[in-house]
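Working notes for the structure below.
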Amino acid sequence: MNTQEMIDHLRTAGFKSTRELIHVFQGGSYQHGASIPGKISDVDIFGIYVDIPSMALGVTDESHFTGGTQDQYERNRPGDEDYKCYTLRRWAELACKGNPTILGFLFTDCTMSGVWRDYILPNKNLFKARTHAKAFLGYAKSQVARLDGAAGKGKHGQRPELEKEFGYDTKAAMHLMRLLFEAEEYMRTGTITYPRPEKDLLLDIRLGKWTWDKLFAEYFKMEQVVEKAMEDSKLPDRVDRGRISELIASCYLEHWNERELIESL
């Protein structure tokens, strides 16, 4: 799906700020490289937009747009689409906290012009922090909760169809290990590679080729690897929120000025 097609899908879903988009891409298994060959997968479209002055400065509270072809509380069917677009301010707030999905936006190709490409990407180092590993480990534990049933069942819990076929939720298991691989790479290099270098291994997990015992043996081993990588990391201890705030403010003013939403500065 090309950029314009993704924007068209968002517009059809009711997203009213397509003209303010600065980054849009296809995420999920497509991004990670772990789609099952020959199987129709869900489609995840992510975006970032600069909310207009009346939204950013007014009393309306808008931080993101969520939509899709299926009710948000229902299990997706093959080919269903999920959409998630964040305001640039909300994206930056989550990036400062080390949200793994949000940090991934920085390492996904951007085909659009604008402040994302011209301002954010040249300053991506501002969003790096050694302590972000804790967020990756936390999200990994949320996948463990899916696996052991603590997250319940349904759209945001276990996947009963995978449990029936393989004995456990192999998609949650794949994401569990993916998060740990990404965390180690990020701690050691300050980047996250897409598609994942371990995509074949991740696909094996998703296809149920790993036993439960092997999965958890590797999980506990990788958890220690990530903790050691965090300890040894050359990344800054924390992000500089002051500099990030200045960067985001500059992006807003530049975008608004370019779109003639405010008087020329």
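Labels for the structure tokens follow display order: chains A, B, ..., residues from 1 in each chain, ligands from 1.
For segment 57-245 of chain A, the set of residues given strand (DSSP E or B) by DSSP on the backbone reads A:His64, A:Phe65, A:Thr66, A:Gly67, A:Gly68, A:Glu81, A:Asp82, A:Tyr83, A:Lys84, A:Cys85, A:Tyr86, A:Thr87, A:Lys153, A:Gln158.
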Find the nearest atom pair between each residue of segment 101-190 of chain A and segment 2-10 of chain A for residues within 10 Å, count only C-alpha atoms, give distances in Å to one decimal, sort rows by chain and ascending number, and present the table as CSV.
residue,atom,partner,partner_atom,distance
A:Cys110,CA,A:Thr3,CA,9.1
A:Thr111,CA,A:Thr3,CA,7.2
A:Met112,CA,A:Thr3,CA,8.0
Selected residues written out with N, CA and C atoms, as a PDB file, in the first residue's frame:
ATOM      1  N   CYS A 110       9.974   7.305   5.882  1.00  0.00           N
ATOM      2  CA  CYS A 110       8.980   8.365   5.690  1.00  0.00           C
ATOM      3  C   CYS A 110       9.070   8.851   4.247  1.00  0.00           C
ATOM      4  N   THR A 111       7.975   8.757   3.519  1.00  0.00           N
ATOM      5  CA  THR A 111       7.954   9.189   2.123  1.00  0.00           C
ATOM      6  C   THR A 111       7.323  10.567   1.967  1.00  0.00           C
ATOM      7  N   MET A 112       6.946  11.190   3.092  1.00  0.00           N
ATOM      8  CA  MET A 112       6.285  12.486   3.041  1.00  0.00           C
ATOM      9  C   MET A 112       7.277  13.607   3.352  1.00  0.00           C
TER      10      MET A 112
END
Sel. of helix (DSSP H, G or I) residues, segment 31-126 of chain A, as a count of residues only: 35
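Residue nearest Arg188 of chain A within the list A:Asp109, A:Glu231, A:Asp80, A:Glu246: A:Glu231 [criterion: smallest interatomic distance, only C-alpha atoms].
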